Amino acid sequence: MSDIKLALTIAGSDASGGAGIEADLKTFEEYGVYGMAAITVIVTMNPENWTHNVTLIDSDVIRAQIATATAGRKLSVLKTGMLANVEMIQIAADTIDNNGIQNVVIDPVMVCKGENAVLNPENADALKNILVPKSTVTTPNLFEAGVLSGLGKITDLGGIKEAAKRIHATGAKNVVVKGGKALAGNAAIDVFFDGTNIDVLETEKITHSFNHGAGCTFAAAVAGGLANGLSPRDSVYNAKEFVSSAIAHGFEFNRFVGPVFHGAIHALV
Ligand code: PXL
């Protein structure tokens with residue numbers, strides 16, 4: 001296939017397979033896109049209590065992975081996930097500039113589900129000032145949107161819309177704030193803002209909690225759509241369908257975690 005599209009994710013490895021580069025590469029595959037990965041951290045979980053351990057990859061090794069992945073055909077899309085320090089954030093920003101990448105999905109990962117501490121507080125500023133402004137689409141969850149917008153804790157749809165506008169004003173071309181199932185009511189709500197129109201995307205809440213990796217999978221699906229030539233808006237709507245199906249087919253991995261099933265839309269399950 002001579003017109004095959006290439007996607008690079010700069011993100012962490014989640015050894016449990018639900019989030020991070022594992023989610024990204026599986027999702028790219030579902031979108032018919034050739035995936036590559038530059039690993040920033042390796043996240044492992046203690047089998048006894050599932051506390052997370054994050055091992056940072058040396059910056060030179062991250063740069064070397066990116067140099068390898070950008071040594072061939074032009075990338076159709078770049079996606080970022082977990083970046084554990086300011087240097088990693090700067091490396092991702094440089095990759096966009098040095099390679100003239102047009103489609104950029106920034107998932108401004110600040111915390112893992114179930115873990116409360118922000119990876120590193122100064123990362124939030126660097127994401128806000130250096131990386132999010134370069135995004136074609138950025139995909140903060142409610143917590144991340146509160147930090148990036150300066151609004152703090154967001155509790156209602158009005159707050160989500162305001163956050164989307166403020167994040168757009170920092171330079172991001174399109175913003176999706178993932179309310180998900182965090183708001184009261186029966187709907188899982190996300191808000192999309194392209195600088196002109198605000199769209200409220202609503203689906204019914206899925207009641208089970210086997211949704212580990214949903215955020216990464218959503219952002220990777222947006223990247224897959226962009227790589228295939230969809231508009232940002234269509235990519236987001238398509239990704240919402242894709243991730244809803246993945247969540248609907250989420251499963252219990254063990255007593256601590258249940259990941260989404262990235263292959264749900266095409267698999268016979
Ligand atoms: O869901 C956030 C996230 C992103 N990237 C990696 C992770 C996690 C959460 O576990 O492990 C690598």
# chains A, B, ... in the order shown; residues from 1 in each chain; ligands from 1

call {"tool": "select_by_dssp", "arguments": {"residues": "segment 97-238 of chain A", "states": "alpha helix (DSSP H)", "output": "PyMOL selection string"}}
result
chain A and resi 97-99+121-126+142-149+157-169+214-227+232-238

call {"tool": "residues_near_ligand", "arguments": {"ligand": "ligand 1", "cutoff": "8 Å", "atoms": "only C-alpha atoms and all ligand atoms", "output": "list in words"}}
result
Ala11, Gly12, Ser13, Asp14, Ala15, Ser16, Gly18, Ala19, Gly20, Ile21, Val41, Ile42, Val43, Thr44, His52, Gly81, Met82, Val109, Met110, Val111, Cys112, Lys113, His212, Gly213, Ala214, Gly215 and Cys216 of chain A

call {"tool": "closest_residue", "arguments": {"among": "A:Ala248, A:Val176, A:Ala267, A:Ala37", "to": "Glu204 of chain A", "atoms": "only C-alpha atoms"}}
result
A:Ala248

call {"tool": "closest_residue", "arguments": {"among": "A:Gln65, A:Thr138, A:Thr40, A:Thr95", "to": "Asn174 of chain A", "atoms": "only C-alpha atoms"}}
result
A:Thr138

call {"tool": "select_by_dssp", "arguments": {"residues": "segment 34-173 of chain A", "states": "strand (DSSP E)", "output": "ChimeraX atom specification"}}
result
/A:34-45,52-56,77-80,104-106,137-138

call {"tool": "atom_distance", "arguments": {"atom1": "atom CA of Glu252 of chain A", "atom2": "atom CA of Glu144 of chain A"}}
result
26.4 Å

call {"tool": "atom_distance", "arguments": {"atom1": "atom CA of Asp94 of chain A", "atom2": "atom CA of Val77 of chain A"}}
result
14.6 Å

call {"tool": "closest_residue", "arguments": {"among": "A:Ser209, A:Thr27, A:Ser135, A:Asn53", "to": "Phe253 of chain A", "atoms": "only C-alpha atoms"}}
result
A:Ser209

call {"tool": "residues_around", "arguments": {"residues": "Lys128 of chain A", "least_positions_apart": "3", "cutoff": "10 Å", "atoms": "only C-alpha atoms", "output": "PyMOL selection string"}}
result
chain A and resi 108+123-125+131-134+147-149+167+170-172

call {"tool": "atom_distance", "arguments": {"atom1": "atom CA of Ala64 of chain A", "atom2": "atom CA of Val33 of chain A"}}
result
22.2 Å

call {"tool": "residues_around", "arguments": {"residues": "Val200 of chain A", "least_positions_apart": "4", "cutoff": "8 Å", "atoms": "only C-alpha atoms", "output": "ChimeraX atom specification"}}
result
/A:189-192

call {"tool": "write_last_selection", "arguments": {"atoms": "all heavy atoms", "output": "PDB file, in the first residue's frame"}}
result
ATOM      1  N   ILE A 189     -20.631  12.976  28.920  1.00  0.00           N
ATOM      2  CA  ILE A 189     -20.611  14.216  28.135  1.00  0.00           C
ATOM      3  C   ILE A 189     -19.189  14.670  27.823  1.00  0.00           C
ATOM      4  O   ILE A 189     -18.347  14.761  28.708  1.00  0.00           O
ATOM      5  CB  ILE A 189     -21.341  15.346  28.896  1.00  0.00           C
ATOM      6  CG1 ILE A 189     -22.831  15.011  28.982  1.00  0.00           C
ATOM      7  CG2 ILE A 189     -21.125  16.695  28.240  1.00  0.00           C
ATOM      8  CD1 ILE A 189     -23.645  16.045  29.703  1.00  0.00           C
ATOM      9  N   ASP A 190     -18.942  14.930  26.548  1.00  0.00           N
ATOM     10  CA  ASP A 190     -17.699  15.563  26.129  1.00  0.00           C
ATOM     11  C   ASP A 190     -18.058  16.836  25.386  1.00  0.00           C
ATOM     12  O   ASP A 190     -19.122  16.922  24.771  1.00  0.00           O
ATOM     13  CB  ASP A 190     -16.903  14.639  25.200  1.00  0.00           C
ATOM     14  CG  ASP A 190     -16.551  13.312  25.867  1.00  0.00           C
ATOM     15  OD1 ASP A 190     -16.280  13.325  27.080  1.00  0.00           O
ATOM     16  OD2 ASP A 190     -16.570  12.281  25.180  1.00  0.00           O
ATOM     17  N   VAL A 191     -17.169  17.811  25.446  1.00  0.00           N
ATOM     18  CA  VAL A 191     -17.422  19.075  24.757  1.00  0.00           C
ATOM     19  C   VAL A 191     -16.293  19.338  23.765  1.00  0.00           C
ATOM     20  O   VAL A 191     -15.118  19.218  24.103  1.00  0.00           O
ATOM     21  CB  VAL A 191     -17.526  20.239  25.769  1.00  0.00           C
ATOM     22  CG1 VAL A 191     -17.440  21.584  25.069  1.00  0.00           C
ATOM     23  CG2 VAL A 191     -18.838  20.135  26.549  1.00  0.00           C
ATOM     24  N   PHE A 192     -16.690  19.660  22.522  1.00  0.00           N
ATOM     25  CA  PHE A 192     -15.732  19.943  21.460  1.00  0.00           C
ATOM     26  C   PHE A 192     -15.834  21.417  21.091  1.00  0.00           C
ATOM     27  O   PHE A 192     -16.931  21.938  20.891  1.00  0.00           O
ATOM     28  CB  PHE A 192     -16.055  19.076  20.234  1.00  0.00           C
ATOM     29  CG  PHE A 192     -15.216  19.386  19.025  1.00  0.00           C
ATOM     30  CD1 PHE A 192     -13.903  18.933  18.928  1.00  0.00           C
ATOM     31  CD2 PHE A 192     -15.730  20.135  17.973  1.00  0.00           C
ATOM     32  CE1 PHE A 192     -13.127  19.218  17.813  1.00  0.00           C
ATOM     33  CE2 PHE A 192     -14.962  20.431  16.851  1.00  0.00           C
ATOM     34  CZ  PHE A 192     -13.652  19.968  16.777  1.00  0.00           C
TER      35      PHE A 192
END

call {"tool": "residues_around", "arguments": {"residues": "Ser76 of chain A", "least_positions_apart": "4", "cutoff": "10 Å", "atoms": "only C-alpha atoms", "output": "CSV table (one decimal) with all heavy atoms, in the first residue's frame"}}
result
chain,number,residue,atom,x,y,z
A,4,ILE,N,-0.1,4.3,2.5
A,4,ILE,CA,-0.2,4.0,3.9
A,4,ILE,C,0.2,5.2,4.8
A,4,ILE,O,1.1,5.9,4.5
A,4,ILE,CB,0.6,2.8,4.4
A,4,ILE,CG1,0.2,2.3,5.8
A,4,ILE,CG2,2.1,3.0,4.2
A,4,ILE,CD1,0.0,0.8,5.9
A,5,LYS,N,-0.6,5.5,5.8
A,5,LYS,CA,-0.4,6.6,6.7
A,5,LYS,C,0.4,6.2,7.9
A,5,LYS,O,0.2,5.1,8.5
A,5,LYS,CB,-1.7,7.2,7.1
A,5,LYS,CG,-2.6,7.6,5.9
A,5,LYS,CD,-2.0,8.8,5.2
A,5,LYS,CE,-2.9,9.5,4.2
A,5,LYS,NZ,-3.2,8.6,3.1
A,6,LEU,N,1.3,7.1,8.4
A,6,LEU,CA,2.2,6.8,9.5
A,6,LEU,C,1.8,7.6,10.7
A,6,LEU,O,1.5,8.9,10.6
A,6,LEU,CB,3.6,7.1,9.2
A,6,LEU,CG,4.5,6.0,8.5
A,6,LEU,CD1,3.8,5.5,7.2
A,6,LEU,CD2,5.9,6.5,8.2
A,7,ALA,N,1.8,7.0,11.9
A,7,ALA,CA,1.5,7.7,13.1
A,7,ALA,C,2.6,7.4,14.2
A,7,ALA,O,3.0,6.3,14.3
A,7,ALA,CB,0.2,7.3,13.7
A,8,LEU,N,3.0,8.4,14.8
A,8,LEU,CA,4.0,8.2,15.9
A,8,LEU,C,3.4,8.7,17.2
A,8,LEU,O,2.8,9.8,17.3
A,8,LEU,CB,5.3,9.1,15.7
A,8,LEU,CG,6.3,9.2,16.8
A,8,LEU,CD1,6.9,7.8,17.2
A,8,LEU,CD2,7.4,10.1,16.5
A,33,VAL,N,-3.7,2.5,10.2
A,33,VAL,CA,-2.6,3.4,10.2
A,33,VAL,C,-1.4,2.7,10.8
A,33,VAL,O,-1.5,1.9,11.7
A,33,VAL,CB,-2.9,4.6,11.1
A,33,VAL,CG1,-1.7,5.5,11.3
A,33,VAL,CG2,-4.1,5.4,10.4
A,34,TYR,N,-0.2,2.9,10.2
A,34,TYR,CA,1.0,2.3,10.6
A,34,TYR,C,1.6,3.0,11.8
A,34,TYR,O,1.9,4.2,11.7
A,34,TYR,CB,2.0,2.3,9.4
A,34,TYR,CG,3.4,1.7,9.7
A,34,TYR,CD1,3.6,0.3,9.5
A,34,TYR,CD2,4.4,2.4,10.2
A,34,TYR,CE1,4.8,-0.3,9.8
A,34,TYR,CE2,5.7,1.9,10.5
A,34,TYR,CZ,5.8,0.5,10.3
A,34,TYR,OH,7.1,-0.1,10.5
A,101,ILE,N,5.2,18.7,11.4
A,101,ILE,CA,4.0,17.8,11.5
A,101,ILE,C,2.8,18.7,11.6
A,101,ILE,O,2.6,19.6,12.4
A,101,ILE,CB,4.2,16.9,12.7
A,101,ILE,CG1,5.5,16.0,12.5
A,101,ILE,CG2,3.0,16.0,12.9
A,101,ILE,CD1,5.9,15.3,13.7
A,102,GLN,N,1.8,18.3,10.7
A,102,GLN,CA,0.6,19.1,10.6
A,102,GLN,C,-0.5,18.6,11.5
A,102,GLN,O,-1.3,19.5,12.0
A,102,GLN,CB,0.0,19.0,9.1
A,102,GLN,CG,1.0,19.6,8.1
A,102,GLN,CD,1.2,21.0,8.3
A,102,GLN,OE1,0.3,21.8,8.6
A,102,GLN,NE2,2.5,21.5,8.2
A,103,ASN,N,-0.6,17.3,11.8
A,103,ASN,CA,-1.6,16.8,12.6
A,103,ASN,C,-1.0,16.4,14.0
A,103,ASN,O,-0.2,15.5,14.0
A,103,ASN,CB,-2.3,15.6,12.0
A,103,ASN,CG,-3.1,16.0,10.8
A,103,ASN,OD1,-3.9,16.9,10.8
A,103,ASN,ND2,-3.0,15.2,9.7
A,104,VAL,N,-1.5,17.1,15.0
A,104,VAL,CA,-0.9,16.8,16.3
A,104,VAL,C,-2.0,16.6,17.3
A,104,VAL,O,-2.8,17.5,17.5
A,104,VAL,CB,0.0,18.0,16.7
A,104,VAL,CG1,0.6,17.8,18.1
A,104,VAL,CG2,1.1,18.3,15.7
A,223,ALA,N,-6.3,10.7,16.6
A,223,ALA,CA,-5.1,10.7,15.7
A,223,ALA,C,-5.3,9.8,14.5
A,223,ALA,O,-4.9,10.2,13.4
A,223,ALA,CB,-3.9,10.2,16.5
A,224,GLY,N,-5.9,8.7,14.7
A,224,GLY,CA,-6.2,7.8,13.5
A,224,GLY,C,-7.1,8.4,12.5
A,224,GLY,O,-6.9,8.3,11.3
A,226,LEU,N,-7.5,11.7,12.0
A,226,LEU,CA,-6.8,12.8,11.3
A,226,LEU,C,-5.8,12.2,10.3
A,226,LEU,O,-5.7,12.8,9.2
A,226,LEU,CB,-6.0,13.6,12.4
A,226,LEU,CG,-6.8,14.5,13.4
A,226,LEU,CD1,-5.8,15.1,14.4
A,226,LEU,CD2,-7.6,15.5,12.6
A,227,ALA,N,-5.1,11.1,10.6
A,227,ALA,CA,-4.2,10.5,9.7
A,227,ALA,C,-4.9,10.1,8.4
A,227,ALA,O,-4.4,10.1,7.3
A,227,ALA,CB,-3.5,9.3,10.3
A,228,ASN,N,-6.2,9.6,8.6
A,228,ASN,CA,-7.0,9.2,7.4
A,228,ASN,C,-7.6,10.3,6.7
A,228,ASN,O,-8.4,10.1,5.8
A,228,ASN,CB,-8.0,8.2,7.9
A,228,ASN,CG,-7.4,6.8,8.2
A,228,ASN,OD1,-6.5,6.4,7.4
A,228,ASN,ND2,-7.8,6.1,9.2
A,229,GLY,N,-7.4,11.6,7.1
A,229,GLY,CA,-7.9,12.7,6.4
A,229,GLY,C,-9.2,13.3,6.8
A,229,GLY,O,-9.8,14.2,6.2

call {"tool": "residues_around", "arguments": {"residues": "Val260 of chain A", "least_positions_apart": "4", "cutoff": "6 Å", "atoms": "only C-alpha atoms", "output": "mmCIF file with N, CA and C atoms, in the first residue's frame"}}
result
data_model
loop_
_atom_site.group_PDB
_atom_site.id
_atom_site.type_symbol
_atom_site.label_atom_id
_atom_site.label_comp_id
_atom_site.auth_asym_id
_atom_site.auth_seq_id
_atom_site.Cartn_x
_atom_site.Cartn_y
_atom_site.Cartn_z
ATOM 1 N N ASN A 211 -12.776 0.507 32.319
ATOM 2 C CA ASN A 211 -12.515 1.553 31.320
ATOM 3 C C ASN A 211 -11.065 2.051 31.352
ATOM 4 N N HIS A 212 -10.188 1.260 31.949
ATOM 5 C CA HIS A 212 -8.781 1.667 31.987
ATOM 6 C C HIS A 212 -8.255 1.827 30.553
ATOM 7 N N ALA A 246 -15.154 0.357 22.649
ATOM 8 C CA ALA A 246 -14.046 -0.247 23.410
ATOM 9 C C ALA A 246 -14.396 -0.353 24.893
ATOM 10 N N ILE A 247 -15.063 0.673 25.422
ATOM 11 C CA ILE A 247 -15.458 0.634 26.842
ATOM 12 C C ILE A 247 -16.560 -0.408 27.044
ATOM 13 N N GLY A 250 -15.088 -3.541 27.583
ATOM 14 C CA GLY A 250 -14.060 -3.614 28.616
ATOM 15 C C GLY A 250 -14.252 -4.884 29.435
#

call {"tool": "residues_around", "arguments": {"residues": "Leu157 of chain A", "least_positions_apart": "3", "cutoff": "12 Å", "atoms": "only C-alpha atoms", "output": "ChimeraX atom specification"}}
result
/A:142,154,160-164,177-180,182-185,187-192,198-202
